[in-house]
file start32.cif (mmCIF, C-alpha atoms)
data_model
loop_
_atom_site.group_PDB
_atom_site.id
_atom_site.type_symbol
_atom_site.label_atom_id
_atom_site.label_comp_id
_atom_site.auth_asym_id
_atom_site.auth_seq_id
_atom_site.Cartn_x
_atom_site.Cartn_y
_atom_site.Cartn_z
ATOM 1 C CA MET A 1 -110.291 -35.497 -124.967
ATOM 2 C CA ASN A 2 -111.489 -38.269 -127.281
ATOM 3 C CA ILE A 3 -114.012 -40.538 -125.588
ATOM 4 C CA LEU A 4 -115.572 -43.762 -126.847
ATOM 5 C CA LEU A 5 -119.008 -44.529 -125.406
ATOM 6 C CA VAL A 6 -120.150 -48.145 -125.742
ATOM 7 C CA GLU A 7 -123.874 -48.016 -124.966
ATOM 8 C CA ASP A 8 -127.012 -49.431 -126.643
ATOM 9 C CA ASP A 9 -129.584 -47.417 -124.663
ATOM 10 C CA SER A 10 -130.228 -44.210 -126.628
ATOM 11 C CA ARG A 11 -131.648 -42.390 -123.589
ATOM 12 C CA ILE A 12 -128.412 -42.853 -121.676
ATOM 13 C CA SER A 13 -126.121 -42.259 -124.646
ATOM 14 C CA ASP A 14 -127.926 -39.014 -125.569
ATOM 15 C CA PHE A 15 -127.607 -37.770 -121.967
ATOM 16 C CA VAL A 16 -123.902 -38.690 -121.681
ATOM 17 C CA ILE A 17 -122.916 -37.366 -125.114
ATOM 18 C CA LYS A 18 -124.717 -34.051 -124.548
ATOM 19 C CA GLY A 19 -122.986 -33.500 -121.218
ATOM 20 C CA LEU A 20 -119.518 -34.493 -122.405
ATOM 21 C CA GLU A 21 -119.720 -32.382 -125.560
ATOM 22 C CA GLU A 22 -120.878 -29.382 -123.509
ATOM 23 C CA ALA A 23 -117.763 -29.968 -121.358
ATOM 24 C CA GLY A 24 -115.640 -29.661 -124.509
ATOM 25 C CA HIS A 25 -114.952 -33.327 -125.241
ATOM 26 C CA SER A 26 -115.294 -35.320 -128.462
ATOM 27 C CA VAL A 27 -117.489 -38.417 -128.126
ATOM 28 C CA ALA A 28 -118.018 -41.347 -130.478
ATOM 29 C CA LEU A 29 -120.916 -43.746 -129.867
ATOM 30 C CA ALA A 30 -120.673 -47.494 -130.478
ATOM 31 C CA PRO A 31 -124.036 -49.214 -129.782
ATOM 32 C CA THR A 32 -122.473 -52.681 -129.930
ATOM 33 C CA ALA A 33 -119.262 -54.248 -128.654
ATOM 34 C CA GLU A 34 -118.497 -55.482 -132.160
ATOM 35 C CA GLN A 35 -118.464 -51.938 -133.534
ATOM 36 C CA ALA A 36 -116.491 -50.706 -130.516
ATOM 37 C CA ARG A 37 -113.912 -53.458 -131.048
ATOM 38 C CA ASP A 38 -113.192 -52.185 -134.563
ATOM 39 C CA TRP A 39 -112.991 -48.560 -133.478
ATOM 40 C CA ILE A 40 -110.658 -49.378 -130.608
ATOM 41 C CA SER A 41 -108.298 -51.084 -133.051
ATOM 42 C CA ASP A 42 -108.339 -48.174 -135.500
ATOM 43 C CA HIS A 43 -108.257 -45.113 -133.219
ATOM 44 C CA GLU A 44 -106.624 -43.742 -130.060
ATOM 45 C CA TRP A 45 -108.976 -42.959 -127.160
ATOM 46 C CA ASP A 46 -108.377 -41.118 -123.915
ATOM 47 C CA VAL A 47 -111.037 -43.133 -122.099
ATOM 48 C CA ILE A 48 -113.687 -45.768 -122.871
ATOM 49 C CA LEU A 49 -117.126 -45.651 -121.199
ATOM 50 C CA MET A 50 -118.416 -49.219 -121.197
ATOM 51 C CA ASP A 51 -121.918 -50.578 -120.675
ATOM 52 C CA ILE A 52 -122.075 -54.214 -119.507
ATOM 53 C CA MET A 53 -125.420 -55.434 -120.869
ATOM 54 C CA LEU A 54 -124.894 -55.175 -124.619
ATOM 55 C CA PRO A 55 -126.353 -57.200 -127.503
ATOM 56 C CA GLY A 56 -123.914 -59.865 -128.695
ATOM 57 C CA ILE A 57 -120.555 -59.558 -126.939
ATOM 58 C CA ASP A 58 -121.088 -58.038 -123.495
ATOM 59 C CA GLY A 59 -119.012 -55.330 -121.840
ATOM 60 C CA VAL A 60 -117.023 -57.702 -119.632
ATOM 61 C CA GLN A 61 -115.978 -59.819 -122.632
ATOM 62 C CA LEU A 62 -114.997 -56.712 -124.586
ATOM 63 C CA THR A 63 -112.978 -55.380 -121.644
ATOM 64 C CA LYS A 64 -111.093 -58.684 -121.423
ATOM 65 C CA LEU A 65 -110.384 -58.518 -125.161
ATOM 66 C CA ILE A 66 -109.061 -54.954 -124.881
ATOM 67 C CA ARG A 67 -106.683 -55.937 -122.084
ATOM 68 C CA TYR A 68 -105.676 -59.149 -123.891
ATOM 69 C CA ARG A 69 -104.487 -56.931 -126.745
ATOM 70 C CA HIS A 70 -102.334 -54.970 -124.253
ATOM 71 C CA ASN A 71 -104.416 -51.834 -124.733
ATOM 72 C CA ALA A 72 -104.142 -49.786 -121.519
ATOM 73 C CA THR A 73 -106.822 -47.182 -122.343
ATOM 74 C CA PRO A 74 -108.734 -46.372 -119.116
ATOM 75 C CA ILE A 75 -112.139 -48.097 -118.984
ATOM 76 C CA LEU A 76 -115.016 -46.784 -116.866
ATOM 77 C CA VAL A 77 -117.939 -49.197 -116.635
ATOM 78 C CA LEU A 78 -121.443 -47.680 -116.596
ATOM 79 C CA SER A 79 -123.932 -50.325 -115.503
ATOM 80 C CA ALA A 80 -127.310 -50.794 -113.857
ATOM 81 C CA LEU A 81 -125.921 -53.909 -112.179
ATOM 82 C CA ASP A 82 -125.044 -52.822 -108.654
ATOM 83 C CA GLY A 83 -124.163 -56.064 -106.864
ATOM 84 C CA PRO A 84 -120.660 -56.521 -105.420
ATOM 85 C CA ASP A 85 -120.108 -59.604 -107.608
ATOM 86 C CA ASP A 86 -120.964 -57.620 -110.748
ATOM 87 C CA LYS A 87 -118.492 -54.910 -109.775
ATOM 88 C CA VAL A 88 -115.736 -57.375 -108.916
ATOM 89 C CA MET A 89 -116.232 -59.261 -112.189
ATOM 90 C CA ALA A 90 -115.951 -56.074 -114.269
ATOM 91 C CA LEU A 91 -112.928 -54.761 -112.386
ATOM 92 C CA ASP A 92 -111.169 -58.119 -112.480
ATOM 93 C CA SER A 93 -111.712 -58.255 -116.235
ATOM 94 C CA GLY A 94 -109.562 -55.118 -116.549
ATOM 95 C CA ALA A 95 -111.903 -52.157 -115.990
ATOM 96 C CA ASP A 96 -110.459 -49.244 -114.020
ATOM 97 C CA ASP A 97 -113.634 -47.923 -112.381
ATOM 98 C CA TYR A 98 -117.342 -48.707 -112.061
ATOM 99 C CA LEU A 99 -120.261 -46.295 -111.886
ATOM 100 C CA VAL A 100 -123.801 -47.522 -111.202
ATOM 101 C CA LYS A 101 -126.728 -46.197 -113.254
ATOM 102 C CA PRO A 102 -128.488 -43.884 -112.699
ATOM 103 C CA PHE A 103 -125.686 -41.457 -111.904
ATOM 104 C CA HIS A 104 -125.142 -37.714 -111.651
ATOM 105 C CA PHE A 105 -123.298 -36.321 -114.656
ATOM 106 C CA LYS A 106 -120.899 -34.354 -112.436
ATOM 107 C CA GLU A 107 -119.723 -37.600 -110.847
ATOM 108 C CA LEU A 108 -119.251 -39.203 -114.276
ATOM 109 C CA LEU A 109 -117.183 -36.240 -115.452
ATOM 110 C CA SER A 110 -115.104 -36.269 -112.269
ATOM 111 C CA ARG A 111 -114.305 -39.968 -112.654
ATOM 112 C CA VAL A 112 -113.435 -39.561 -116.337
ATOM 113 C CA ASN A 113 -111.048 -36.721 -115.515
ATOM 114 C CA ALA A 114 -109.449 -38.715 -112.696
ATOM 115 C CA LEU A 115 -108.878 -41.782 -114.900
ATOM 116 C CA VAL A 116 -107.318 -39.759 -117.711
ATOM 117 C CA ARG A 117 -105.167 -37.782 -115.282
ATOM 118 C CA ARG A 118 -103.895 -41.015 -113.689
ATOM 119 C CA ALA A 119 -103.125 -42.533 -117.082
ATOM 120 C CA LYS A 120 -101.134 -39.466 -118.157
ATOM 121 C CA LEU A 121 -99.144 -39.429 -114.917
ATOM 122 C CA SER A 122 -98.380 -43.129 -115.319
ATOM 123 C CA ARG A 123 -97.062 -42.640 -118.862
ATOM 124 C CA ARG A 124 -95.041 -39.557 -117.885
ATOM 125 C CA GLY A 125 -93.584 -41.089 -114.769
ATOM 126 C CA GLY A 126 -92.101 -44.119 -116.450
ATOM 127 C CA GLY A 127 -91.359 -47.381 -114.748
ATOM 128 C CA GLN A 128 -90.058 -48.161 -111.322
ATOM 129 C CA SER A 129 -88.666 -51.199 -109.578
ATOM 130 C CA TYR A 130 -89.557 -52.343 -106.079
ATOM 131 C CA HIS A 131 -87.326 -54.623 -104.011
ATOM 132 C CA SER A 132 -88.443 -56.294 -100.806
ATOM 133 C CA GLY A 133 -86.274 -59.167 -99.639
ATOM 134 C CA PRO A 134 -86.305 -61.847 -102.374
ATOM 135 C CA LEU A 135 -89.164 -60.097 -104.213
ATOM 136 C CA ILE A 136 -88.583 -57.781 -107.194
ATOM 137 C CA VAL A 137 -91.336 -55.948 -109.080
ATOM 138 C CA ASN A 138 -90.530 -54.278 -112.419
ATOM 139 C CA THR A 139 -93.378 -51.908 -113.241
ATOM 140 C CA ASP A 140 -92.113 -51.240 -116.782
ATOM 141 C CA GLU A 141 -92.666 -54.879 -117.706
ATOM 142 C CA HIS A 142 -95.320 -55.743 -115.078
ATOM 143 C CA ARG A 143 -93.023 -58.549 -113.944
ATOM 144 C CA VAL A 144 -92.893 -60.011 -110.451
ATOM 145 C CA VAL A 145 -89.881 -62.160 -109.559
ATOM 146 C CA LEU A 146 -89.558 -64.133 -106.324
ATOM 147 C CA HIS A 147 -86.385 -66.058 -105.468
ATOM 148 C CA GLY A 148 -85.333 -65.636 -109.111
ATOM 149 C CA GLU A 149 -88.554 -67.138 -110.518
ATOM 150 C CA GLU A 150 -91.327 -65.186 -112.242
ATOM 151 C CA VAL A 151 -94.706 -65.096 -110.482
ATOM 152 C CA GLU A 152 -97.939 -64.892 -112.470
ATOM 153 C CA LEU A 153 -100.476 -62.501 -110.904
ATOM 154 C CA SER A 154 -103.934 -61.417 -112.013
ATOM 155 C CA PRO A 155 -104.384 -57.662 -112.708
ATOM 156 C CA LYS A 156 -106.039 -57.100 -109.326
ATOM 157 C CA GLU A 157 -103.437 -59.182 -107.449
ATOM 158 C CA TYR A 158 -100.701 -57.127 -109.120
ATOM 159 C CA LYS A 159 -102.407 -53.824 -108.264
ATOM 160 C CA LEU A 160 -102.892 -54.945 -104.659
ATOM 161 C CA LEU A 161 -99.243 -55.961 -104.420
ATOM 162 C CA LEU A 162 -98.051 -52.593 -105.736
ATOM 163 C CA TYR A 163 -100.272 -50.667 -103.346
ATOM 164 C CA LEU A 164 -98.977 -52.606 -100.343
ATOM 165 C CA LEU A 165 -95.374 -52.113 -101.498
ATOM 166 C CA GLU A 166 -95.931 -48.381 -101.958
ATOM 167 C CA HIS A 167 -97.159 -48.212 -98.346
ATOM 168 C CA GLN A 168 -94.528 -50.530 -96.908
ATOM 169 C CA GLY A 169 -94.200 -50.207 -93.137
ATOM 170 C CA ARG A 170 -97.645 -48.618 -92.732
ATOM 171 C CA VAL A 171 -100.925 -50.275 -91.781
ATOM 172 C CA VAL A 172 -103.372 -50.002 -94.698
ATOM 173 C CA PRO A 173 -107.049 -50.275 -93.694
ATOM 174 C CA ARG A 174 -109.308 -52.589 -95.700
ATOM 175 C CA THR A 175 -111.498 -49.660 -96.774
ATOM 176 C CA GLN A 176 -108.437 -47.867 -98.173
ATOM 177 C CA LEU A 177 -107.461 -50.968 -100.146
ATOM 178 C CA LEU A 178 -110.996 -51.274 -101.512
ATOM 179 C CA ASN A 179 -110.956 -47.695 -102.760
ATOM 180 C CA ALA A 180 -107.405 -47.788 -104.117
ATOM 181 C CA VAL A 181 -107.364 -51.210 -105.792
ATOM 182 C CA TRP A 182 -110.994 -51.669 -106.851
ATOM 183 C CA GLY A 183 -111.667 -47.993 -107.451
ATOM 184 C CA ILE A 184 -115.099 -47.872 -105.843
ATOM 185 C CA ASN A 185 -116.705 -47.820 -102.414
ATOM 186 C CA PHE A 186 -117.788 -51.327 -101.515
ATOM 187 C CA ASP A 187 -119.984 -52.335 -98.619
ATOM 188 C CA ASN A 188 -117.634 -52.632 -95.654
ATOM 189 C CA SER A 189 -118.979 -56.125 -95.038
ATOM 190 C CA THR A 190 -117.457 -57.505 -98.253
ATOM 191 C CA ASN A 191 -114.519 -59.872 -97.844
ATOM 192 C CA VAL A 192 -113.016 -59.244 -101.294
ATOM 193 C CA VAL A 193 -109.840 -57.736 -99.777
ATOM 194 C CA ASP A 194 -109.265 -60.726 -97.505
ATOM 195 C CA VAL A 195 -109.865 -63.116 -100.398
ATOM 196 C CA TYR A 196 -107.301 -61.370 -102.616
ATOM 197 C CA ILE A 197 -104.808 -61.092 -99.783
ATOM 198 C CA SER A 198 -105.117 -64.870 -99.465
ATOM 199 C CA TYR A 199 -104.555 -65.294 -103.221
ATOM 200 C CA LEU A 200 -101.504 -63.039 -103.070
ATOM 201 C CA ARG A 201 -100.023 -64.780 -100.036
ATOM 202 C CA SER A 202 -100.352 -68.177 -101.720
ATOM 203 C CA LYS A 203 -98.225 -66.914 -104.611
ATOM 204 C CA ILE A 204 -95.506 -64.835 -102.930
ATOM 205 C CA GLU A 205 -95.120 -66.162 -99.376
ATOM 206 C CA LYS A 206 -93.038 -69.249 -100.059
ATOM 207 C CA LYS A 207 -89.934 -70.819 -98.532
ATOM 208 C CA GLY A 208 -90.837 -69.368 -95.139
ATOM 209 C CA THR A 209 -90.903 -65.784 -96.428
ATOM 210 C CA LYS A 210 -93.625 -63.562 -94.910
ATOM 211 C CA PHE A 211 -94.443 -60.124 -96.320
ATOM 212 C CA ILE A 212 -98.085 -59.422 -95.453
ATOM 213 C CA HIS A 213 -99.072 -59.114 -91.806
ATOM 214 C CA THR A 214 -102.695 -58.958 -90.623
ATOM 215 C CA VAL A 215 -103.556 -56.158 -88.201
ATOM 216 C CA LYS A 216 -106.674 -57.492 -86.541
ATOM 217 C CA GLY A 217 -109.749 -55.338 -86.971
ATOM 218 C CA THR A 218 -107.934 -52.825 -89.188
ATOM 219 C CA GLY A 219 -106.170 -54.064 -92.296
ATOM 220 C CA TYR A 220 -102.759 -55.215 -93.516
ATOM 221 C CA LEU A 221 -99.119 -54.271 -93.114
ATOM 222 C CA TRP A 222 -96.308 -55.005 -95.582
ATOM 223 C CA LYS A 223 -92.941 -55.620 -93.954
ATOM 224 C CA GLU A 224 -89.657 -56.526 -95.613
ATOM 225 C CA PRO A 225 -88.747 -60.029 -94.374
ATOM 226 C CA LEU A 226 -85.788 -60.289 -92.005
#
call {"tool": "encode", "arguments": {"input": "start32.cif", "output": "structure tokens"}}
result
Amino acid sequence: MNILLVEDDSRISDFVIKGLEEAGHSVALAPTAEQARDWISDHEWDVILMDIMLPGIDGVQLTKLIRYRHNATPILVLSALDGPDDKVMALDSGADDYLVKPFHFKELLSRVNALVRRAKLSRRGGGQSYHSGPLIVNTDEHRVVLHGEEVELSPKEYKLLLYLLEHQGRVVPRTQLLNAVWGINFDNSTNVVDVYISYLRSKIEKKGTKFIHTVKGTGYLWKEPL
């Protein structure tokens, strides 16, 4: 596969490139976000490995730009920043996964393979529509319609909504939502799931319609409204 590595630390880039090339992959190195931006526009990549702390434009800004241009290439953030807020910021900007430095190369390779595999399945599978009461989700167009009116959701709100719909009628634990929607293992004490559930409820539970039910001490349950 063709991989773009956006990294300004030569020690890390040498280590990553050596391992990926030994695994049979082609890797291009962009030491700045500005150079990466040009390469992303001119070439097709299977996955982008993104550092956050870059000179000039940082990795979060570049990720936002990539998604703003409707480029769906999987992005795996590689960062020494390991706080929950740092992870949430990167993932909310459009990154698909987050790996804290230092890391084992086998884990990096496993995550790269998983992201590319997921992206290929998504393209092959085509779109799908979900209907739940007055709510319609068109995955081809990433459109959410409630009572005939379009609802604007952030990328993470949309991903959370889809995951709940896909597991309709089943209780989904908070830890499962953290892994599935944010792509990493958070500290169980984080309230990011509850915060985003609140955001989602404020946008889709209108006119007396209730979709998301709290299961105390466990997680959340999506039910089609009566």
call {"tool": "resolve_selection", "arguments": {"input": "start32.cif", "expression": "the PyMOL selection byres ((chain A and resi 34-45) around 12)", "output": "ChimeraX atom specification"}}
result
/A:1-8,25-33,46-51,54-59,61-67,69-75,116,119
call {"tool": "write_last_selection", "arguments": {"input": "start32.cif", "atoms": "C-alpha atoms", "output": "PDB file, in the frame of the given file"}}
result
ATOM      1  CA  MET A   1    -110.291 -35.497-124.967  1.00  0.00           C
ATOM      2  CA  ASN A   2    -111.489 -38.269-127.281  1.00  0.00           C
ATOM      3  CA  ILE A   3    -114.012 -40.538-125.588  1.00  0.00           C
ATOM      4  CA  LEU A   4    -115.572 -43.762-126.847  1.00  0.00           C
ATOM      5  CA  LEU A   5    -119.008 -44.529-125.406  1.00  0.00           C
ATOM      6  CA  VAL A   6    -120.150 -48.145-125.742  1.00  0.00           C
ATOM      7  CA  GLU A   7    -123.874 -48.016-124.966  1.00  0.00           C
ATOM      8  CA  ASP A   8    -127.012 -49.431-126.643  1.00  0.00           C
ATOM      9  CA  HIS A  25    -114.952 -33.327-125.241  1.00  0.00           C
ATOM     10  CA  SER A  26    -115.294 -35.320-128.462  1.00  0.00           C
ATOM     11  CA  VAL A  27    -117.489 -38.417-128.126  1.00  0.00           C
ATOM     12  CA  ALA A  28    -118.018 -41.347-130.478  1.00  0.00           C
ATOM     13  CA  LEU A  29    -120.916 -43.746-129.867  1.00  0.00           C
ATOM     14  CA  ALA A  30    -120.673 -47.494-130.478  1.00  0.00           C
ATOM     15  CA  PRO A  31    -124.036 -49.214-129.782  1.00  0.00           C
ATOM     16  CA  THR A  32    -122.473 -52.681-129.930  1.00  0.00           C
ATOM     17  CA  ALA A  33    -119.262 -54.248-128.654  1.00  0.00           C
ATOM     18  CA  ASP A  46    -108.377 -41.118-123.915  1.00  0.00           C
ATOM     19  CA  VAL A  47    -111.037 -43.133-122.099  1.00  0.00           C
ATOM     20  CA  ILE A  48    -113.687 -45.768-122.871  1.00  0.00           C
ATOM     21  CA  LEU A  49    -117.126 -45.651-121.199  1.00  0.00           C
ATOM     22  CA  MET A  50    -118.416 -49.219-121.197  1.00  0.00           C
ATOM     23  CA  ASP A  51    -121.918 -50.578-120.675  1.00  0.00           C
ATOM     24  CA  LEU A  54    -124.894 -55.175-124.619  1.00  0.00           C
ATOM     25  CA  PRO A  55    -126.353 -57.200-127.503  1.00  0.00           C
ATOM     26  CA  GLY A  56    -123.914 -59.865-128.695  1.00  0.00           C
ATOM     27  CA  ILE A  57    -120.555 -59.558-126.939  1.00  0.00           C
ATOM     28  CA  ASP A  58    -121.088 -58.038-123.495  1.00  0.00           C
ATOM     29  CA  GLY A  59    -119.012 -55.330-121.840  1.00  0.00           C
ATOM     30  CA  GLN A  61    -115.978 -59.819-122.632  1.00  0.00           C
ATOM     31  CA  LEU A  62    -114.997 -56.712-124.586  1.00  0.00           C
ATOM     32  CA  THR A  63    -112.978 -55.380-121.644  1.00  0.00           C
ATOM     33  CA  LYS A  64    -111.093 -58.684-121.423  1.00  0.00           C
ATOM     34  CA  LEU A  65    -110.384 -58.518-125.161  1.00  0.00           C
ATOM     35  CA  ILE A  66    -109.061 -54.954-124.881  1.00  0.00           C
ATOM     36  CA  ARG A  67    -106.683 -55.937-122.084  1.00  0.00           C
ATOM     37  CA  ARG A  69    -104.487 -56.931-126.745  1.00  0.00           C
ATOM     38  CA  HIS A  70    -102.334 -54.970-124.253  1.00  0.00           C
ATOM     39  CA  ASN A  71    -104.416 -51.834-124.733  1.00  0.00           C
ATOM     40  CA  ALA A  72    -104.142 -49.786-121.519  1.00  0.00           C
ATOM     41  CA  THR A  73    -106.822 -47.182-122.343  1.00  0.00           C
ATOM     42  CA  PRO A  74    -108.734 -46.372-119.116  1.00  0.00           C
ATOM     43  CA  ILE A  75    -112.139 -48.097-118.984  1.00  0.00           C
ATOM     44  CA  VAL A 116    -107.318 -39.759-117.711  1.00  0.00           C
ATOM     45  CA  ALA A 119    -103.125 -42.533-117.082  1.00  0.00           C
TER      46      ALA A 119
END
call {"tool": "atom_distance", "arguments": {"input": "start32.cif", "atom1": "atom CA of Val172 of chain A", "atom2": "atom CA of Leu160 of chain A"}}
result
11.1 Å
call {"tool": "resolve_selection", "arguments": {"input": "start32.cif", "expression": "the PyMOL selection byres ((chain A and resi 98) around 9)", "output": "short mmCIF file (atom, residue, chain, number, x, y, z; two decimals) with C-alpha atoms, in the frame of the given file"}}
result
data_model
loop_
_atom_site.label_atom_id
_atom_site.label_comp_id
_atom_site.auth_asym_id
_atom_site.auth_seq_id
_atom_site.Cartn_x
_atom_site.Cartn_y
_atom_site.Cartn_z
CA ILE A 75 -112.14 -48.10 -118.98
CA LEU A 76 -115.02 -46.78 -116.87
CA VAL A 77 -117.94 -49.20 -116.64
CA LEU A 78 -121.44 -47.68 -116.60
CA SER A 79 -123.93 -50.32 -115.50
CA LYS A 87 -118.49 -54.91 -109.78
CA ALA A 90 -115.95 -56.07 -114.27
CA LEU A 91 -112.93 -54.76 -112.39
CA ALA A 95 -111.90 -52.16 -115.99
CA ASP A 96 -110.46 -49.24 -114.02
CA ASP A 97 -113.63 -47.92 -112.38
CA LEU A 99 -120.26 -46.30 -111.89
CA VAL A 100 -123.80 -47.52 -111.20
CA TRP A 182 -110.99 -51.67 -106.85
CA GLY A 183 -111.67 -47.99 -107.45
CA ILE A 184 -115.10 -47.87 -105.84
#
call {"tool": "atom_distance", "arguments": {"input": "start32.cif", "atom1": "atom CA of Leu164 of chain A", "atom2": "atom CA of Val181 of chain A"}}
result
10.1 Å
call {"tool": "atom_distance", "arguments": {"input": "start32.cif", "atom1": "atom CA of His142 of chain A", "atom2": "atom CA of Val112 of chain A"}}
result
24.3 Å
call {"tool": "closest_residue", "arguments": {"input": "start32.cif", "among": "A:Glu157, A:Glu224, A:Asp92, A:Asp194", "to": "Ser132 of chain A", "atoms": "all atoms listed in the file"}}
result
A:Glu224
call {"tool": "closest_residue", "arguments": {"input": "start32.cif", "among": "A:Phe105, A:Gln168, A:Ile17, A:Leu161", "to": "Tyr199 of chain A", "atoms": "only C-alpha atoms"}}
result
A:Leu161
call {"tool": "residues_near_point", "arguments": {"input": "start32.cif", "point": "(-96.2, -69.6, -105.0)", "cutoff": "12 Å", "atoms": "all atoms listed in the file", "output": "MDAnalysis selection string"}}
result
chainID A and resid 135 144:147 149:153 198:209
call {"tool": "axis_aligned_box", "arguments": {"input": "start32.cif", "around": "segment 163-172 of chain A", "padding_each_side": "5 Å", "output": "AutoDock Vina command-line options"}}
result
--center_x -98.8 --center_y -50.4 --center_z -97.6 --size_x 19.2 --size_y 14.4 --size_z 21.6
call {"tool": "closest_residue", "arguments": {"input": "start32.cif", "among": "A:Val195, A:Thr218, A:Leu115, A:Pro155", "to": "Thr175 of chain A", "atoms": "only C-alpha atoms"}}
result
A:Thr218
call {"tool": "closest_residue", "arguments": {"input": "start32.cif", "among": "A:Gly133, A:Val60, A:His167, A:Ala23", "to": "Ser93 of chain A", "atoms": "all atoms listed in the file"}}
result
A:Val60
call {"tool": "residues_near_point", "arguments": {"input": "start32.cif", "point": "(-124.9, -55.0, -117.2)", "cutoff": "6 Å", "atoms": "only C-alpha atoms", "output": "ChimeraX atom specification"}}
result
/A:52-53,79-81
call {"tool": "resolve_selection", "arguments": {"input": "start32.cif", "expression": "the PyMOL selection byres ((chain A and resi 139) around 10)", "output": "list in words"}}
result
Gly126, Gly127, Gln128, Ser129, Tyr130, Ile136, Val137, Asn138, Asp140, Glu141, His142, Arg143, Val144, Tyr158 and Leu162 of chain A
